[in-house]
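**Q** Enclosed is the structure file start.cif (mmCIF, C-alpha atoms).
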data_entry
loop_
_atom_site.group_PDB
_atom_site.id
_atom_site.type_symbol
_atom_site.label_atom_id
_atom_site.label_comp_id
_atom_site.auth_asym_id
_atom_site.auth_seq_id
_atom_site.Cartn_x
_atom_site.Cartn_y
_atom_site.Cartn_z
ATOM 1 C CA MET A 165 -13.787 -15.986 21.781
ATOM 2 C CA ASN A 166 -14.691 -14.843 18.268
ATOM 3 C CA ILE A 167 -11.130 -14.166 17.166
ATOM 4 C CA LEU A 168 -10.049 -15.669 13.852
ATOM 5 C CA GLU A 169 -6.386 -15.815 12.893
ATOM 6 C CA TYR A 170 -5.253 -14.786 9.421
ATOM 7 C CA GLY A 171 -4.916 -17.842 7.185
ATOM 8 C CA SER A 172 -7.790 -19.686 8.865
ATOM 9 C CA ILE A 173 -9.908 -21.642 6.396
ATOM 10 C CA ILE A 174 -13.602 -21.437 7.247
ATOM 11 C CA ILE A 175 -16.931 -21.930 5.490
ATOM 12 C CA CYS A 176 -18.183 -18.669 3.980
ATOM 13 C CA LYS A 177 -21.867 -17.975 3.539
ATOM 14 C CA ASP A 178 -23.707 -15.433 1.399
ATOM 15 C CA ILE A 179 -21.396 -15.534 -1.623
ATOM 16 C CA THR A 180 -22.667 -14.198 -4.916
ATOM 17 C CA PHE A 181 -20.473 -15.560 -7.707
ATOM 18 C CA GLU A 182 -19.210 -13.581 -10.700
ATOM 19 C CA ASP A 183 -22.107 -14.917 -12.792
ATOM 20 C CA ASN A 184 -24.501 -13.463 -10.172
ATOM 21 C CA LYS A 185 -25.489 -16.930 -8.942
ATOM 22 C CA TYR A 186 -26.021 -17.169 -5.190
ATOM 23 C CA ASP A 187 -24.169 -19.823 -3.194
ATOM 24 C CA ILE A 188 -26.636 -21.754 -1.039
ATOM 25 C CA LYS A 189 -24.339 -24.335 0.571
ATOM 26 C CA GLY A 190 -21.287 -22.196 1.287
ATOM 27 C CA HIS A 191 -17.660 -22.383 0.137
ATOM 28 C CA PRO A 192 -14.374 -22.557 2.047
ATOM 29 C CA GLY A 193 -12.693 -19.200 2.423
ATOM 30 C CA VAL A 194 -9.327 -17.900 3.639
ATOM 31 C CA VAL A 195 -9.408 -15.241 6.387
ATOM 32 C CA ILE A 196 -7.158 -12.440 5.079
ATOM 33 C CA LEU A 197 -7.087 -10.259 8.218
ATOM 34 C CA PRO A 198 -7.239 -11.376 11.849
ATOM 35 C CA THR A 199 -10.446 -10.422 13.630
ATOM 36 C CA SER A 200 -11.046 -8.971 17.071
ATOM 37 C CA GLU A 201 -13.771 -9.732 19.566
ATOM 38 C CA ASN A 202 -15.852 -6.678 18.677
ATOM 39 C CA GLN A 203 -16.095 -7.319 14.911
ATOM 40 C CA GLU A 204 -19.255 -8.742 13.417
ATOM 41 C CA ASN A 205 -17.647 -9.948 10.197
ATOM 42 C CA ALA A 206 -14.467 -11.601 8.974
ATOM 43 C CA LEU A 207 -13.027 -10.790 5.552
ATOM 44 C CA CYS A 208 -12.243 -13.779 3.350
ATOM 45 C CA LEU A 209 -11.326 -14.872 -0.154
ATOM 46 C CA TYR A 210 -13.390 -17.853 -1.227
ATOM 47 C CA MET A 211 -11.907 -21.057 -2.671
ATOM 48 C CA THR A 212 -13.118 -23.496 -5.297
ATOM 49 C CA SER A 213 -11.705 -26.708 -6.712
ATOM 50 C CA LYS A 214 -13.353 -26.335 -10.138
ATOM 51 C CA GLU A 215 -10.783 -26.749 -12.903
ATOM 52 C CA LYS A 216 -12.294 -24.058 -15.118
ATOM 53 C CA ARG A 217 -10.657 -21.446 -12.830
ATOM 54 C CA ARG A 218 -7.190 -22.708 -13.804
ATOM 55 C CA ASP A 219 -4.865 -20.084 -15.352
ATOM 56 C CA ARG A 220 -7.311 -17.217 -14.812
ATOM 57 C CA ASP A 221 -5.704 -13.945 -13.704
ATOM 58 C CA ASP A 222 -8.270 -13.389 -10.960
ATOM 59 C CA TYR A 223 -7.662 -16.758 -9.292
ATOM 60 C CA TYR A 224 -4.692 -17.932 -7.232
ATOM 61 C CA CYS A 225 -3.839 -21.644 -7.416
ATOM 62 C CA ILE A 226 -2.956 -23.562 -4.254
ATOM 63 C CA GLY A 227 -1.433 -26.895 -5.152
ATOM 64 C CA LYS A 228 0.100 -27.947 -1.852
ATOM 65 C CA GLY A 229 -0.685 -27.952 1.846
ATOM 66 C CA ILE A 230 -4.358 -28.842 1.322
ATOM 67 C CA LYS A 231 -6.258 -31.995 0.307
ATOM 68 C CA LYS A 232 -6.818 -31.041 -3.333
ATOM 69 C CA ILE A 233 -5.851 -28.283 -5.738
ATOM 70 C CA SER A 234 -7.933 -25.189 -5.084
ATOM 71 C CA TYR A 235 -8.333 -21.773 -6.672
ATOM 72 C CA VAL A 236 -8.767 -18.612 -4.600
ATOM 73 C CA ASN A 237 -10.813 -15.732 -6.025
ATOM 74 C CA MET A 238 -8.748 -12.553 -5.632
ATOM 75 C CA ASN A 239 -11.343 -10.241 -7.111
ATOM 76 C CA GLN A 240 -14.117 -10.681 -4.560
ATOM 77 C CA ILE A 241 -13.768 -9.931 -0.857
ATOM 78 C CA VAL A 242 -16.358 -11.925 1.086
ATOM 79 C CA GLN A 243 -17.744 -10.780 4.437
ATOM 80 C CA THR A 244 -18.855 -13.653 6.631
ATOM 81 C CA SER A 245 -19.850 -13.911 10.300
ATOM 82 C CA ASN A 246 -16.964 -13.591 12.746
ATOM 83 C CA ILE A 247 -17.580 -16.847 14.602
ATOM 84 C CA LYS A 248 -14.720 -19.075 15.633
ATOM 85 C CA LYS A 249 -16.229 -22.463 14.957
ATOM 86 C CA ASP A 250 -15.927 -25.151 12.322
ATOM 87 C CA ILE A 251 -12.438 -24.042 11.269
ATOM 88 C CA LYS A 252 -11.521 -26.508 8.537
ATOM 89 C CA ASN A 253 -7.794 -25.865 8.393
ATOM 90 C CA TYR A 254 -5.038 -23.276 8.623
ATOM 91 C CA MET A 255 -3.099 -22.226 5.562
ATOM 92 C CA ASN A 256 0.671 -22.631 5.637
ATOM 93 C CA GLU A 257 2.102 -19.181 6.455
ATOM 94 C CA GLU A 258 4.466 -19.130 3.481
ATOM 95 C CA ILE A 259 1.636 -19.988 1.081
ATOM 96 C CA PHE A 260 -0.617 -17.449 2.799
ATOM 97 C CA LEU A 261 2.001 -14.703 2.361
ATOM 98 C CA ASP A 262 2.301 -15.470 -1.351
ATOM 99 C CA LEU A 263 -1.491 -15.451 -1.686
ATOM 100 C CA LEU A 264 -1.779 -12.156 0.199
ATOM 101 C CA GLU A 265 0.873 -10.492 -1.977
ATOM 102 C CA ASN A 266 -0.864 -11.693 -5.142
ATOM 103 C CA PHE A 267 -4.207 -10.466 -3.804
ATOM 104 C CA TYR A 268 -2.754 -7.050 -2.885
ATOM 105 C CA ASN A 269 -1.083 -6.619 -6.293
ATOM 106 C CA TYR A 270 -4.218 -7.754 -8.123
ATOM 107 C CA GLN A 271 -6.406 -5.251 -6.257
ATOM 108 C CA MET A 272 -3.893 -2.420 -6.654
ATOM 109 C CA ASN A 273 -3.750 -2.967 -10.438
ATOM 110 C CA LEU A 274 -7.514 -2.707 -10.944
ATOM 111 C CA ASP A 275 -8.579 0.368 -12.906
ATOM 112 C CA VAL A 276 -10.887 1.309 -10.037
ATOM 113 C CA LYS A 277 -10.149 0.078 -6.523
ATOM 114 C CA LYS A 278 -12.990 -1.683 -4.776
ATOM 115 C CA GLU A 279 -14.375 0.227 -1.783
ATOM 116 C CA THR A 280 -13.918 -2.748 0.548
ATOM 117 C CA PHE A 281 -10.266 -2.996 -0.433
ATOM 118 C CA LYS A 282 -9.695 0.731 0.097
ATOM 119 C CA GLN A 283 -10.772 0.293 3.723
ATOM 120 C CA ILE A 284 -8.237 -2.465 4.393
ATOM 121 C CA GLU A 285 -5.434 -1.591 1.977
ATOM 122 C CA GLY A 286 -3.107 -0.248 4.682
ATOM 123 C CA LYS A 287 -3.709 -3.190 7.006
ATOM 124 C CA ILE A 288 -3.022 -5.707 4.228
ATOM 125 C CA LYS A 289 0.227 -3.933 3.379
ATOM 126 C CA ILE A 290 1.342 -3.952 7.017
ATOM 127 C CA LEU A 291 0.481 -7.634 7.421
ATOM 128 C CA ILE A 292 2.486 -8.483 4.286
ATOM 129 C CA GLU A 293 5.511 -6.556 5.562
ATOM 130 C CA ILE A 294 5.376 -8.200 8.991
ATOM 131 C CA LEU A 295 5.026 -11.684 7.503
ATOM 132 C CA LYS A 296 8.034 -11.018 5.254
ATOM 133 C CA ARG A 297 10.110 -9.995 8.257
ATOM 134 C CA LYS A 298 8.807 -12.894 10.317
ATOM 135 C CA LYS A 299 10.061 -15.196 7.554
ATOM 136 C CA ILE A 300 13.519 -13.590 7.783
ATOM 137 C CA LEU A 301 13.536 -13.875 11.583
ATOM 138 C CA ASN A 302 12.749 -17.578 11.720
ATOM 139 C CA ILE A 303 11.899 -17.240 15.420
ATOM 140 C CA ASP A 304 8.681 -17.916 17.292
ATOM 141 C CA ILE A 305 6.748 -14.656 17.665
ATOM 142 C CA ASP A 306 3.050 -14.220 18.335
ATOM 143 C CA ASP A 307 0.819 -13.522 15.356
ATOM 144 C CA ILE A 308 -0.067 -9.848 15.017
ATOM 145 C CA THR A 309 -3.545 -9.037 16.333
ATOM 146 C CA ARG A 310 -6.240 -6.977 14.647
ATOM 147 C CA GLU A 311 -5.872 -4.290 17.326
ATOM 148 C CA GLU A 312 -2.155 -4.022 16.547
ATOM 149 C CA LEU A 313 -2.804 -3.870 12.803
ATOM 150 C CA ASP A 314 -5.385 -1.121 13.280
ATOM 151 C CA ARG A 315 -3.006 0.915 15.451
ATOM 152 C CA LEU A 316 -0.073 0.571 13.057
ATOM 153 C CA ASP A 317 -2.305 1.482 10.114
ATOM 154 C CA GLU A 318 -3.260 4.734 11.859
ATOM 155 C CA ILE A 319 0.385 5.857 11.678
ATOM 156 C CA GLY A 320 0.070 6.199 7.910
ATOM 157 C CA ASP A 321 3.751 5.416 7.305
ATOM 158 C CA ILE A 322 4.689 1.779 6.688
ATOM 159 C CA LYS A 323 8.384 2.334 7.448
ATOM 160 C CA LYS A 324 7.671 4.022 10.760
ATOM 161 C CA ALA A 325 5.123 1.317 11.607
ATOM 162 C CA MET A 326 7.764 -1.389 11.076
ATOM 163 C CA VAL A 327 10.238 0.394 13.364
ATOM 164 C CA LEU A 328 7.651 0.618 16.138
ATOM 165 C CA TYR A 329 6.546 -2.989 15.771
ATOM 166 C CA GLY A 330 10.194 -4.090 15.691
ATOM 167 C CA THR A 331 10.802 -2.102 18.889
ATOM 168 C CA LYS A 332 7.922 -3.915 20.561
ATOM 169 C CA LEU A 333 9.502 -7.245 19.608
ATOM 170 C CA LEU A 334 12.885 -6.091 20.928
ATOM 171 C CA TYR A 335 11.322 -5.371 24.299
ATOM 172 C CA HIS A 336 9.998 -8.923 24.545
ATOM 173 C CA PHE A 337 13.275 -10.528 23.368
ATOM 174 C CA GLN A 338 15.614 -8.181 25.259
ATOM 175 C CA LYS A 339 17.296 -11.007 27.201
ATOM 176 C CA ASP A 340 18.138 -12.989 24.077
ATOM 177 C CA THR A 341 21.055 -11.379 22.231
ATOM 178 C CA LYS A 342 20.822 -13.742 19.262
ATOM 179 C CA GLU A 343 17.139 -13.007 18.680
ATOM 180 C CA GLU A 344 17.650 -9.269 19.232
ATOM 181 C CA LYS A 345 20.187 -9.256 16.424
ATOM 182 C CA LYS A 346 17.748 -10.997 14.065
ATOM 183 C CA ILE A 347 14.990 -8.479 14.871
ATOM 184 C CA LYS A 348 17.289 -5.522 14.204
ATOM 185 C CA ILE A 349 18.272 -6.985 10.831
ATOM 186 C CA ALA A 350 14.657 -7.709 9.837
ATOM 187 C CA PHE A 351 12.968 -4.483 10.974
ATOM 188 C CA PHE A 352 15.559 -1.692 10.785
ATOM 189 C CA TYR A 353 17.233 -0.629 7.535
ATOM 190 C CA ASN A 354 19.780 1.899 8.733
ATOM 191 C CA GLN A 355 21.672 2.998 11.837
ATOM 192 C CA ARG A 356 19.394 5.955 12.481
ATOM 193 C CA GLU A 357 16.376 3.633 12.760
ATOM 194 C CA ARG A 358 18.320 1.394 15.149
ATOM 195 C CA ASN A 359 19.378 4.413 17.221
ATOM 196 C CA TYR A 360 15.818 5.690 17.357
ATOM 197 C CA SER A 361 14.491 2.288 18.413
ATOM 198 C CA ASN A 362 17.125 2.047 21.180
ATOM 199 C CA THR A 363 16.205 5.530 22.409
ATOM 200 C CA LEU A 364 12.486 4.756 22.359
ATOM 201 C CA LEU A 365 13.097 1.484 24.180
ATOM 202 C CA GLY A 366 15.184 3.263 26.820
ATOM 203 C CA VAL A 367 12.423 5.814 27.521
ATOM 204 C CA TYR A 368 9.844 3.018 27.497
ATOM 205 C CA LYS A 369 11.655 0.986 30.152
ATOM 206 C CA LYS A 370 12.243 3.998 32.408
ATOM 207 C CA ILE A 371 8.618 5.106 32.222
ATOM 208 C CA LYS A 372 7.326 1.602 32.916
ATOM 209 C CA GLU A 373 9.487 1.580 36.040
ATOM 210 C CA LEU A 374 8.071 4.962 37.053
ATOM 211 C CA SER A 375 4.551 3.602 36.676
ATOM 212 C CA LYS A 376 5.225 1.080 39.453
ATOM 213 C CA GLN A 377 5.732 3.921 41.917
ATOM 214 C CA LYS A 378 2.775 5.516 43.693
ATOM 215 C CA LEU A 379 3.059 9.040 42.335
ATOM 216 C CA ASP A 380 0.469 11.768 41.990
ATOM 217 C CA GLU A 381 -0.206 13.035 38.479
ATOM 218 C CA ASN A 382 1.948 16.179 38.658
ATOM 219 C CA THR A 383 4.944 14.312 40.068
ATOM 220 C CA PHE A 384 4.570 11.562 37.488
ATOM 221 C CA ASN A 385 4.371 14.109 34.639
ATOM 222 C CA THR A 386 7.491 15.862 35.916
ATOM 223 C CA LYS A 387 9.439 12.634 36.239
ATOM 224 C CA ILE A 388 8.448 11.538 32.725
ATOM 225 C CA SER A 389 9.681 14.869 31.338
ATOM 226 C CA ASN A 390 12.889 14.532 33.358
ATOM 227 C CA VAL A 391 13.560 11.147 31.760
ATOM 228 C CA TYR A 392 13.794 12.958 28.442
ATOM 229 C CA GLU A 393 15.608 16.067 29.699
ATOM 230 C CA ASN A 394 18.266 14.084 31.583
ATOM 231 C CA HIS A 395 18.966 11.382 29.013
ATOM 232 C CA TYR A 396 17.684 12.098 25.501
ATOM 233 C CA LYS A 397 17.320 15.862 24.990
ATOM 234 C CA SER A 398 20.113 16.131 22.425
ATOM 235 C CA VAL A 399 19.091 13.021 20.478
ATOM 236 C CA PHE A 400 15.504 13.132 19.191
ATOM 237 C CA ASN A 401 12.521 15.456 19.230
ATOM 238 C CA LYS A 402 10.551 15.153 22.474
ATOM 239 C CA ASN A 403 7.063 15.342 20.995
ATOM 240 C CA MET A 404 7.826 12.708 18.352
ATOM 241 C CA LEU A 405 9.432 10.394 20.902
ATOM 242 C CA PHE A 406 6.521 10.604 23.341
ATOM 243 C CA LYS A 407 3.888 10.139 20.649
ATOM 244 C CA ASP A 408 5.676 7.000 19.471
ATOM 245 C CA LEU A 409 5.905 5.902 23.100
ATOM 246 C CA VAL A 410 2.089 6.013 23.248
ATOM 247 C CA VAL A 411 1.906 3.718 20.206
ATOM 248 C CA LEU A 412 4.420 1.339 21.788
ATOM 249 C CA LEU A 413 2.408 1.198 25.004
ATOM 250 C CA GLU A 414 -0.744 0.444 23.032
ATOM 251 C CA LEU A 415 1.005 -2.305 21.080
ATOM 252 C CA ASP A 416 2.317 -3.840 24.290
ATOM 253 C CA ASN A 417 -0.772 -5.380 25.881
ATOM 254 C CA HIS A 418 -2.743 -2.219 25.187
ATOM 255 C CA ASN A 419 -1.540 -0.435 28.373
ATOM 256 C CA SER A 420 -4.262 2.215 28.204
ATOM 257 C CA ILE A 421 -3.718 3.695 31.690
ATOM 258 C CA LEU A 422 -0.044 4.437 31.182
ATOM 259 C CA SER A 423 -0.534 5.582 27.585
ATOM 260 C CA SER A 424 -3.198 8.042 28.811
ATOM 261 C CA LYS A 425 -0.691 9.478 31.284
ATOM 262 C CA VAL A 426 1.882 9.963 28.540
ATOM 263 C CA LYS A 427 -0.770 11.597 26.327
ATOM 264 C CA ARG A 428 -1.349 14.159 29.088
ATOM 265 C CA VAL A 429 2.372 14.956 29.100
ATOM 266 C CA ILE A 430 2.226 15.448 25.308
ATOM 267 C CA ASN A 431 -0.731 17.825 25.723
ATOM 268 C CA THR A 432 1.260 19.830 28.263
ATOM 269 C CA ILE A 433 4.234 20.029 25.894
ATOM 270 C CA GLU A 434 2.045 21.258 23.044
ATOM 271 C CA GLU A 435 0.155 23.772 25.200
ATOM 272 C CA LYS A 436 3.428 25.342 26.343
ATOM 273 C CA GLY A 437 4.796 25.434 22.820
ATOM 274 C CA GLU A 438 7.808 23.700 24.262
ATOM 275 C CA ASN A 439 8.412 21.694 21.121
ATOM 276 C CA LYS A 440 9.006 24.743 18.925
ATOM 277 C CA GLU A 441 12.004 25.882 20.984
ATOM 278 C CA MET A 442 13.873 22.601 21.069
ATOM 279 C CA LYS A 443 17.330 22.393 19.542
ATOM 280 C CA SER A 444 16.730 18.827 18.395
ATOM 281 C CA THR A 445 14.185 19.787 15.726
ATOM 282 C CA ASN A 446 16.770 19.306 12.981
ATOM 283 C CA SER A 447 17.350 15.779 14.200
ATOM 284 C CA PHE A 448 13.595 15.164 14.038
ATOM 285 C CA ASN A 449 13.376 16.467 10.492
ATOM 286 C CA GLN A 450 16.361 14.416 9.371
ATOM 287 C CA PHE A 451 14.841 11.292 10.900
ATOM 288 C CA ASN A 452 11.595 11.827 8.989
ATOM 289 C CA THR A 453 13.614 12.423 5.820
ATOM 290 C CA ASP A 454 15.365 9.093 6.336
ATOM 291 C CA PHE A 455 12.002 7.375 6.580
ATOM 292 C CA GLN A 456 10.723 8.991 3.403
ATOM 293 C CA GLU A 457 13.835 8.458 1.283
ATOM 294 C CA ARG A 458 14.725 4.866 2.208
#
Show this structure as structure tokens.
**A**
Amino acid sequence: MNILEYGSIIICKDITFEDNKYDIKGHPGVVILPTSENQENALCLYMTSKEKRRDRDDYYCIGKGIKKISYVNMNQIVQTSNIKKDIKNYMNEEIFLDLLENFYNYQMNLDVKKETFKQIEGKIKILIEILKRKKILNIDIDDITREELDRLDEIGDIKKAMVLYGTKLLYHFQKDTKEEKKIKIAFFYNQRERNYSNTLLGVYKKIKELSKQKLDENTFNTKISNVYENHYKSVFNKNMLFKDLVVLLELDNHNSILSSKVKRVINTIEEKGENKEMKSTNSFNQFNTDFQER
């Protein structure tokens, strides 16, 4: 499959250097975002071992973990074919995180942001945050996929995105108390975030159980609503909870069938104006305030 992991070192073609010279042979490059099957190109930062790049602000020096000292160009984002072949190496994750942070800061401090960077800015920021938390966790979790990055980026709120991704991890480590504790420390910054994650996880589990039953659409919709009414009505806003449930379903193996069913429940809620009459609106507003002020 044509899926490249972040930190893969591959040969990049079609590079035009800063002196406008065209690279005929190709240069090694670091994949900065994971790719998915349906992408034509991978985004890379190219590397060179030429000493004249030493101490330049637009180059990042890698002095360990590879055969010889190399310098990574942080100014130019290279698009190369998304083909998983001839992978030369994989960058150490700690070094990759440091590189990615330096790249992000370099691009953000430019007087005018490059258009290519604008398109991936949110995804880079999310990847940095997840790698930082993964470092804190020190447990074996799967690398984040491009589909997950894209979905989290759509949220438009890095703090909320981290809570939802942390909740996904909690679901997969729910039988390991020690690992659960690590995830809660790494991804949630206050008790309200932990409470919200627990609530979301509770709804998630109940609805996944419902999905195993052979129910017609109306019965399923009613039972999903009853999960909220019977257990969580006084805790968090229904519309917010169900919309985040959709994201969680999409992060967890991209369960499109079940997420579509929940989306229909959300549409019903909004059509009835049910959300406007709920007593838990203050709780919803306070939760959003917590996200913004932390």
**Q** Can you build me a table of range 247-328 of chain A residues sitting at most 12 Å from range 405-412 of chain A, with the closest atom pair per residue and its distance in Å to one decimal, using all atoms listed in the file, sorted by chain and residue number, as JSON lines?
**A**
{"residue": "A:Glu311", "atom": "CA", "partner": "A:Val411", "partner_atom": "CA", "distance": 11.5}
{"residue": "A:Glu312", "atom": "CA", "partner": "A:Val411", "partner_atom": "CA", "distance": 9.5}
{"residue": "A:Leu313", "atom": "CA", "partner": "A:Val411", "partner_atom": "CA", "distance": 11.6}
{"residue": "A:Asp314", "atom": "CA", "partner": "A:Val411", "partner_atom": "CA", "distance": 11.2}
{"residue": "A:Arg315", "atom": "CA", "partner": "A:Val411", "partner_atom": "CA", "distance": 7.4}
{"residue": "A:Leu316", "atom": "CA", "partner": "A:Val411", "partner_atom": "CA", "distance": 8.1}
{"residue": "A:Asp317", "atom": "CA", "partner": "A:Val411", "partner_atom": "CA", "distance": 11.2}
{"residue": "A:Glu318", "atom": "CA", "partner": "A:Val411", "partner_atom": "CA", "distance": 9.9}
{"residue": "A:Ile319", "atom": "CA", "partner": "A:Val411", "partner_atom": "CA", "distance": 8.9}
{"residue": "A:Lys324", "atom": "CA", "partner": "A:Asp408", "partner_atom": "CA", "distance": 9.4}
{"residue": "A:Ala325", "atom": "CA", "partner": "A:Val411", "partner_atom": "CA", "distance": 9.5}
{"residue": "A:Met326", "atom": "CA", "partner": "A:Leu412", "partner_atom": "CA", "distance": 11.5}
{"residue": "A:Val327", "atom": "CA", "partner": "A:Asp408", "partner_atom": "CA", "distance": 10.1}
{"residue": "A:Leu328", "atom": "CA", "partner": "A:Leu412", "partner_atom": "CA", "distance": 6.5}
**Q** Find the distance between CA of Lys387 in chain A and CA of Thr363 in chain A and write it in Å to one decimal.
**A** 17.0 Å
**Q** Using all atoms listed in the file, which residues sit within 7 Å of Ala206 in chain A once same-chain residues fewer than 6 positions away are excluded, as a list in words?
**A**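 Non-adjacent residues within range: Val195, Thr199, Gln243, Thr244, Ser245 and Asn246 of chain A.
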**Q** Next, dump the selected residues to file, keeping only C-alpha atoms, as an mmCIF file, in the coordinates of the input.
**A**
data_model
loop_
_atom_site.group_PDB
_atom_site.id
_atom_site.type_symbol
_atom_site.label_atom_id
_atom_site.label_comp_id
_atom_site.auth_asym_id
_atom_site.auth_seq_id
_atom_site.Cartn_x
_atom_site.Cartn_y
_atom_site.Cartn_z
ATOM 1 C CA VAL A 195 -9.408 -15.241 6.387
ATOM 2 C CA THR A 199 -10.446 -10.422 13.630
ATOM 3 C CA GLN A 243 -17.744 -10.780 4.437
ATOM 4 C CA THR A 244 -18.855 -13.653 6.631
ATOM 5 C CA SER A 245 -19.850 -13.911 10.300
ATOM 6 C CA ASN A 246 -16.964 -13.591 12.746
#
**Q** Closest to Asn390 in chain A among A:Lys278, A:Lys402, A:Lys345, A:His336, using all atoms listed in the file?
**A**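 For Asn390 in chain A, the nearest of the candidates is A:Lys402.
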**Q** Provide the CA of Ser172 in chain A to CA of Tyr254 in chain A distance in Å, to one decimal place.
**A**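 Interatomic distance here is 4.5 Å.
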**Q** Starting from the displayed file, determine the output of the PyMOL selection byres ((chain A and resi 201-204) around 6) and express the residue list as an mmCIF file with C-alpha atoms, in the frame of the given file.
**A**
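File written: part31.cif
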data_model
loop_
_atom_site.group_PDB
_atom_site.id
_atom_site.type_symbol
_atom_site.label_atom_id
_atom_site.label_comp_id
_atom_site.auth_asym_id
_atom_site.auth_seq_id
_atom_site.Cartn_x
_atom_site.Cartn_y
_atom_site.Cartn_z
ATOM 1 C CA ASN A 166 -14.691 -14.843 18.268
ATOM 2 C CA ILE A 167 -11.130 -14.166 17.166
ATOM 3 C CA SER A 200 -11.046 -8.971 17.071
ATOM 4 C CA ASN A 205 -17.647 -9.948 10.197
ATOM 5 C CA ASN A 246 -16.964 -13.591 12.746
#
**Q** Rank nothing, just name the residue among A:Leu334, A:Ile430, A:Ile292, A:Ile284 nearest to Ile241 in chain A, using all atoms listed in the file.
**A**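 Of A:Leu334, A:Ile430, A:Ile292, A:Ile284, the one nearest Ile241 in chain A, counting all atoms listed in the file, is A:Ile284.
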